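Chemist: This is the content of input_8.csv (CSV, C-alpha atoms):
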```csv
chain,number,residue,atom,x,y,z
A,188,MET,CA,-11.8,4.7,13.3
A,189,ALA,CA,-8.9,2.2,13.1
A,190,GLY,CA,-8.1,0.8,9.7
A,191,ALA,CA,-9.1,-2.8,10.7
A,192,ASP,CA,-12.5,-1.5,11.8
A,193,LEU,CA,-13.0,0.3,8.5
A,194,ILE,CA,-12.2,-2.8,6.5
A,195,ALA,CA,-14.6,-4.9,8.7
A,196,ARG,CA,-17.4,-2.3,8.1
A,197,LEU,CA,-16.8,-2.4,4.4
A,198,ALA,CA,-17.0,-6.2,4.3
A,199,GLU,CA,-20.3,-6.2,6.2
A,200,ALA,CA,-22.2,-5.0,3.1
A,201,PRO,CA,-20.1,-5.9,0.0
A,202,GLU,CA,-23.1,-5.4,-2.3
A,203,ARG,CA,-23.0,-1.7,-1.5
A,204,ALA,CA,-19.2,-1.2,-1.9
A,205,ALA,CA,-16.5,-0.9,-4.6
A,206,LEU,CA,-12.9,-2.1,-4.4
A,207,LEU,CA,-10.7,0.1,-6.6
A,208,LEU,CA,-7.1,-1.0,-7.0
A,209,ASP,CA,-3.9,0.3,-8.7
A,210,VAL,CA,-2.0,-2.4,-10.6
A,211,ASP,CA,1.8,-1.9,-10.6
A,212,GLY,CA,3.2,-2.0,-7.1
A,213,VAL,CA,-0.1,-2.9,-5.6
A,214,LEU,CA,-1.5,-6.0,-7.3
A,215,ALA,CA,1.7,-6.7,-9.3
A,216,PRO,CA,5.1,-6.4,-7.8
A,217,ILE,CA,7.4,-3.7,-9.4
A,218,VAL,CA,9.8,-5.2,-11.9
A,219,ASP,CA,12.7,-3.6,-13.8
A,220,VAL,CA,10.9,-4.1,-17.2
A,221,PRO,CA,7.3,-2.9,-17.0
A,222,HIS,CA,6.1,-5.2,-19.7
A,223,GLU,CA,7.2,-8.2,-17.6
A,224,ALA,CA,5.0,-7.3,-14.7
A,225,THR,CA,2.2,-9.8,-13.7
A,226,VAL,CA,-0.3,-10.3,-11.0
A,227,PRO,CA,0.5,-13.5,-9.0
A,228,GLU,CA,-2.0,-16.3,-9.4
A,229,GLU,CA,-2.9,-16.3,-5.7
A,230,THR,CA,-3.9,-12.6,-6.0
A,231,ARG,CA,-5.8,-13.3,-9.2
A,232,ALA,CA,-7.8,-16.0,-7.4
A,233,GLU,CA,-8.7,-13.6,-4.6
A,234,LEU,CA,-9.8,-11.0,-7.1
A,235,ARG,CA,-12.1,-13.5,-8.7
A,236,ARG,CA,-13.7,-14.2,-5.3
A,237,LEU,CA,-14.1,-10.5,-4.6
A,238,HIS,CA,-15.6,-9.9,-8.0
A,239,ALA,CA,-18.4,-12.3,-7.2
A,240,ARG,CA,-18.9,-10.7,-3.8
A,241,TYR,CA,-18.7,-6.9,-4.3
A,242,ALA,CA,-20.7,-4.4,-6.3
A,243,LEU,CA,-17.6,-3.4,-8.2
A,244,VAL,CA,-14.0,-4.5,-8.5
A,245,ALA,CA,-12.0,-2.2,-10.7
A,246,CYS,CA,-8.4,-1.5,-11.6
A,247,ILE,CA,-7.4,2.2,-12.1
A,248,SER,CA,-3.9,2.2,-13.6
A,249,GLY,CA,-1.3,4.4,-15.2
A,250,ARG,CA,-1.1,1.7,-17.9
A,251,ALA,CA,-3.5,1.8,-20.9
A,252,GLY,CA,-6.6,-0.1,-20.0
A,253,PRO,CA,-6.0,-3.1,-22.3
A,254,ASP,CA,-2.4,-3.5,-20.9
A,255,ALA,CA,-3.7,-3.3,-17.3
A,256,ARG,CA,-6.1,-6.1,-18.2
A,257,ARG,CA,-3.3,-8.2,-19.6
A,258,VAL,CA,-1.2,-7.8,-16.5
A,259,VAL,CA,-4.1,-8.6,-14.2
A,260,GLY,CA,-5.3,-11.4,-16.4
A,261,LEU,CA,-9.0,-11.2,-15.5
A,262,ASP,CA,-11.5,-10.0,-18.1
A,263,GLU,CA,-14.4,-9.8,-15.7
A,264,LEU,CA,-13.0,-6.8,-13.8
A,265,VAL,CA,-13.5,-3.1,-14.8
A,266,TYR,CA,-10.4,-1.3,-16.1
A,267,VAL,CA,-9.7,2.4,-16.4
A,268,GLY,CA,-6.3,3.3,-17.8
A,269,GLU,CA,-3.9,6.2,-18.1
A,270,HIS,CA,-4.9,7.6,-14.7
A,271,GLY,CA,-8.5,8.2,-15.8
A,272,LEU,CA,-7.7,10.0,-19.1
A,273,GLU,CA,-9.4,7.2,-21.0
A,274,LEU,CA,-12.7,8.5,-19.6
A,275,VAL,CA,-12.1,11.9,-21.2
A,276,PRO,CA,-12.7,12.1,-25.0
A,277,GLU,CA,-10.7,15.4,-25.3
A,278,ALA,CA,-7.5,13.6,-24.3
A,279,ALA,CA,-7.0,12.1,-27.7
A,280,ALA,CA,-6.6,15.5,-29.3
A,281,TRP,CA,-3.3,15.9,-27.4
A,282,SER,CA,-1.8,12.6,-28.4
A,283,GLU,CA,0.1,13.6,-31.5
A,284,ARG,CA,1.7,16.6,-29.9
A,285,LEU,CA,2.8,14.6,-26.9
A,286,LEU,CA,4.3,11.9,-29.1
A,287,GLU,CA,6.1,14.5,-31.1
A,288,LEU,CA,7.6,15.9,-28.0
A,289,ALA,CA,8.7,12.5,-26.7
A,290,ALA,CA,10.4,11.8,-30.1
A,291,THR,CA,12.8,14.7,-29.5
A,292,VAL,CA,14.0,13.3,-26.1
A,293,ASP,CA,17.1,11.1,-26.3
A,294,TRP,CA,16.0,8.5,-23.8
A,295,ASP,CA,16.0,4.7,-24.2
A,296,ASP,CA,13.5,3.5,-21.7
A,297,VAL,CA,10.3,5.2,-22.9
A,298,GLU,CA,6.8,3.9,-22.6
A,299,ARG,CA,4.5,5.4,-25.3
A,300,LYS,CA,0.8,5.0,-24.5
A,301,PRO,CA,-2.2,6.3,-26.4
A,302,LEU,CA,-2.6,9.3,-24.1
A,303,THR,CA,0.5,9.6,-22.0
A,304,VAL,CA,4.3,9.1,-22.2
A,305,THR,CA,6.4,7.7,-19.4
A,306,PHE,CA,10.2,7.9,-19.1
A,307,HIS,CA,11.5,5.2,-16.9
A,308,TYR,CA,14.8,5.5,-15.1
A,309,ARG,CA,14.8,2.4,-12.8
A,310,ARG,CA,17.6,0.8,-14.9
A,311,ALA,CA,19.7,4.0,-15.3
A,312,ASP,CA,23.4,3.6,-14.6
A,313,ASP,CA,23.5,6.9,-12.9
A,314,GLU,CA,20.2,7.7,-11.2
A,315,ALA,CA,21.1,11.2,-10.1
A,316,GLU,CA,22.1,12.2,-13.6
A,317,ALA,CA,18.9,10.6,-15.0
A,318,VAL,CA,16.8,12.6,-12.6
A,319,ARG,CA,18.6,15.8,-13.6
A,320,PHE,CA,18.1,15.1,-17.3
A,321,LEU,CA,14.4,14.3,-16.8
A,322,LYS,CA,13.8,17.4,-14.7
A,323,ALA,CA,14.9,19.4,-17.7
A,324,VAL,CA,12.5,17.4,-19.9
A,325,ALA,CA,9.7,18.1,-17.4
A,326,THR,CA,10.4,21.8,-17.5
A,327,ARG,CA,10.3,21.8,-21.2
A,328,ALA,CA,7.1,19.8,-21.3
A,329,ARG,CA,5.4,22.2,-18.9
A,330,ALA,CA,6.4,25.1,-21.0
A,331,GLU,CA,4.7,23.4,-23.9
A,332,GLY,CA,1.5,23.0,-21.9
A,333,PHE,CA,1.7,19.5,-20.7
A,334,VAL,CA,1.5,18.1,-17.1
A,335,ALA,CA,4.8,16.5,-16.0
A,336,ARG,CA,4.8,14.4,-12.9
A,337,PHE,CA,7.4,12.2,-11.2
A,338,GLY,CA,6.5,8.9,-9.6
A,339,ARG,CA,8.3,5.7,-8.6
A,340,LYS,CA,11.4,5.9,-10.9
A,341,VAL,CA,9.4,7.5,-13.7
A,342,LEU,CA,8.5,10.8,-15.2
A,343,GLU,CA,5.1,10.9,-16.8
A,344,LEU,CA,3.9,13.5,-19.3
A,345,ARG,CA,0.2,13.9,-19.9
A,346,PRO,CA,-2.4,16.3,-21.4
A,347,PRO,CA,-3.4,19.3,-19.2
A,348,LEU,CA,-6.9,18.0,-18.5
A,349,ALA,CA,-8.9,17.8,-15.3
A,350,ALA,CA,-8.6,14.0,-15.3
A,351,HIS,CA,-6.8,11.8,-12.8
A,352,LYS,CA,-7.3,8.8,-10.6
A,353,GLY,CA,-9.6,10.8,-8.4
A,354,THR,CA,-11.9,11.7,-11.2
A,355,ALA,CA,-11.9,8.0,-12.3
A,356,VAL,CA,-12.9,7.0,-8.8
A,357,ARG,CA,-15.8,9.5,-8.7
A,358,HIS,CA,-16.9,8.4,-12.2
A,359,LEU,CA,-17.0,4.7,-11.3
A,360,LEU,CA,-18.8,5.2,-8.0
A,361,GLY,CA,-21.2,7.8,-9.5
A,362,GLU,CA,-22.4,5.7,-12.4
A,363,ARG,CA,-23.2,2.8,-10.0
A,364,GLY,CA,-24.6,4.9,-7.2
A,365,LEU,CA,-22.1,3.6,-4.6
A,366,ALA,CA,-21.0,5.5,-1.5
A,367,ARG,CA,-18.7,3.0,0.0
A,368,ALA,CA,-15.2,2.2,-1.4
A,369,LEU,CA,-11.7,1.0,-0.8
A,370,TYR,CA,-8.8,2.3,-2.9
A,371,ALA,CA,-5.3,0.9,-2.7
A,372,GLY,CA,-2.3,2.6,-4.3
A,373,ASP,CA,1.4,3.1,-4.0
A,374,ASP,CA,2.5,6.3,-5.8
A,375,THR,CA,2.0,10.0,-6.3
A,376,THR,CA,-1.0,9.7,-8.6
A,377,ASP,CA,-2.9,7.6,-6.1
A,378,LEU,CA,-3.1,10.5,-3.7
A,379,ASP,CA,-5.8,12.0,-6.1
A,380,ALA,CA,-7.8,8.8,-5.6
A,381,PHE,CA,-7.4,8.9,-1.8
A,382,GLN,CA,-8.8,12.5,-1.9
A,383,ALA,CA,-11.8,11.3,-3.9
A,384,LEU,CA,-12.9,9.0,-1.0
A,385,ALA,CA,-13.6,12.1,1.2
A,386,GLY,CA,-17.3,12.6,1.7
A,387,LEU,CA,-18.3,9.1,1.0
A,388,GLU,CA,-20.4,7.2,3.5
A,389,LEU,CA,-17.4,4.9,4.0
A,390,GLY,CA,-14.0,5.3,2.4
A,391,VAL,CA,-10.9,3.3,3.1
A,392,ALA,CA,-7.5,4.4,1.7
A,393,ILE,CA,-4.7,1.8,1.6
A,394,ALA,CA,-1.1,2.7,1.0
A,395,VAL,CA,1.3,0.1,-0.3
A,396,ALA,CA,4.3,2.0,1.0
A,397,SER,CA,7.9,1.8,-0.1
A,398,ALA,CA,11.0,3.9,0.1
A,399,GLU,CA,10.3,5.0,-3.5
A,400,GLY,CA,6.8,6.2,-2.9
A,401,PRO,CA,5.8,9.8,-1.8
A,402,ALA,CA,6.0,10.6,1.9
A,403,GLY,CA,2.5,11.8,1.9
A,404,LEU,CA,1.0,8.5,0.9
A,405,ARG,CA,1.4,7.0,4.4
A,406,GLU,CA,0.0,10.1,6.0
A,407,ALA,CA,-3.1,10.1,3.8
A,408,ALA,CA,-3.9,6.4,4.2
A,409,ASP,CA,-6.2,4.7,6.7
A,410,VAL,CA,-4.2,1.4,6.3
A,411,VAL,CA,-0.5,1.0,5.4
A,412,VAL,CA,1.0,-2.2,4.1
A,413,GLY,CA,4.6,-2.8,2.9
A,414,SER,CA,4.1,-4.9,-0.2
A,415,PRO,CA,1.6,-6.4,-2.7
A,416,ALA,CA,1.9,-9.6,-0.6
A,417,GLU,CA,0.7,-7.7,2.5
A,418,LEU,CA,-2.1,-6.2,0.5
A,419,LEU,CA,-3.2,-9.7,-0.5
A,420,ASP,CA,-3.6,-10.4,3.3
A,421,VAL,CA,-5.9,-7.4,3.5
A,422,LEU,CA,-8.0,-8.5,0.5
A,423,ARG,CA,-8.5,-11.9,2.1
A,424,ARG,CA,-10.2,-10.1,5.0
A,425,LEU,CA,-12.8,-8.6,2.6
```
Could you show the structure in this file as structure tokens?
Modeler:
Amino acid sequence: MAGADLIARLAEAPERAALLLDVDGVLAPIVDVPHEATVPEETRAELRRLHARYALVACISGRAGPDARRVVGLDELVYVGEHGLELVPEAAAWSERLLELAATVDWDDVERKPLTVTFHYRRADDEAEAVRFLKAVATRARAEGFVARFGRKVLELRPPLAAHKGTAVRHLLGERGLARALYAGDDTTDLDAFQALAGLELGVAIAVASAEGPAGLREAADVVVGSPAELLDVLRRL
């Protein structure tokens, strides 16, 4: 079924469906300094409308949940942070070891979150050299038992737990008994969420594609848009 038809079917029964959305690169345009990211007011207004219409509107982000809430600016939505790790109590036991590892890495642009650490290289003077350096960091982190994953100009280190955006999707839908959902994402970790839509009565995967994103994102999606602004046009059809 074509993407437009899937979206129309989802919109026919909003009380039975969830809208699940990544934040950075999806609702908020990517910026050089992550703390400066924000969701445009016109997108915020649309999210308010959708919250009143759908069974669930939630943001599943790599940011910590409170930080995702700050960027989106709407308290009424549901937020799951750190790629679903916030739903796993065991994740906290890895935090100290992860921060100790990060402290030994000579890197300026580091985002230390409660459960994960992200090394940004968007502002690096020599991107190729930055990637080489961070690949060595990733190898070391894996040897110490952590998961290391590259995304859009980032390397993220996380605990070796069976938690990701896909498990977050299944958790949110399961606790509400929903079998219809749309998920929009732009990066490697969003592929897990796309896969979690399989087997639903109705699942719609939207890729906010870019040259920085993984090649497989477009292939795995039902709908492809080129920017957060284009995603907003899709949201207005819901």
Chemist: Determine, using all atoms listed in the file, which residues of stretch 211-250 of chain A have any atom at most 12 Å from an atom of stretch 338-357 of chain A, and tabulate each with its shortest atom pair and distance in Å to one decimal place, rows ordered by chain and then rising number, as a Markdown table.
Modeler:
```
| residue | atom | partner | partner_atom | distance |
| --- | --- | --- | --- | --- |
| A:Asp211 | CA | A:Arg339 | CA | 10.2 |
| A:Gly212 | CA | A:Arg339 | CA | 9.4 |
| A:Ile217 | CA | A:Arg339 | CA | 9.5 |
| A:Val218 | CA | A:Lys340 | CA | 11.3 |
| A:Asp219 | CA | A:Lys340 | CA | 10.0 |
| A:Val220 | CA | A:Lys340 | CA | 11.8 |
| A:Pro221 | CA | A:Val341 | CA | 11.1 |
| A:Leu243 | CA | A:Val356 | CA | 11.4 |
| A:Val244 | CA | A:Val356 | CA | 11.6 |
| A:Ala245 | CA | A:Val356 | CA | 9.4 |
| A:Cys246 | CA | A:Val356 | CA | 10.0 |
| A:Ile247 | CA | A:Lys352 | CA | 6.8 |
| A:Ser248 | CA | A:Lys352 | CA | 8.0 |
| A:Gly249 | CA | A:Lys352 | CA | 8.7 |
| A:Arg250 | CA | A:Glu343 | CA | 11.1 |
```
Chemist: May I ask for the distance between atom CA of A:Leu237 and atom CA of A:Arg196, given in Å to one decimal place?
Modeler: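 Pair atom CA of A:Leu237 / atom CA of A:Arg196 returns 15.5 Å.
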Chemist: What does the distance from atom CA of A:Glu228 to atom CA of A:Pro253 come to in Å, to one decimal?
Modeler: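 Atom CA of A:Pro253 lies 18.9 Å from atom CA of A:Glu228.
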Chemist: When you look at stretch 290-304 of chain A with a cut-off of 10 Å (counting only C-alpha atoms), what residues show up, excluding the ones that are within fewer than 5 positions of it in the same chain? I need them as a PyMOL selection string.
Modeler: chain A and resi 220-222+249-251+254+268-270+272-273+278-285+309-311+317+320-321+324+334-335+341-346
Chemist: Excluding same-chain residues fewer than 4 positions from stretch 391-396 of chain A, what lies within 8 Å of it counting only C-alpha atoms, as JSON, numbers by chain?
Modeler: {"A": [190, 193, 194, 212, 213, 368, 369, 370, 371, 372, 373, 381, 384, 400, 404, 405, 407, 408, 409, 410, 411, 412, 413, 414, 415, 418]}
Chemist: What gap, in Å, lies between atom CA of A:Glu263 and atom CA of A:Asp374?
Modeler: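 Interatomic distance, atom CA of A:Glu263 to atom CA of A:Asp374: 25.4 Å.
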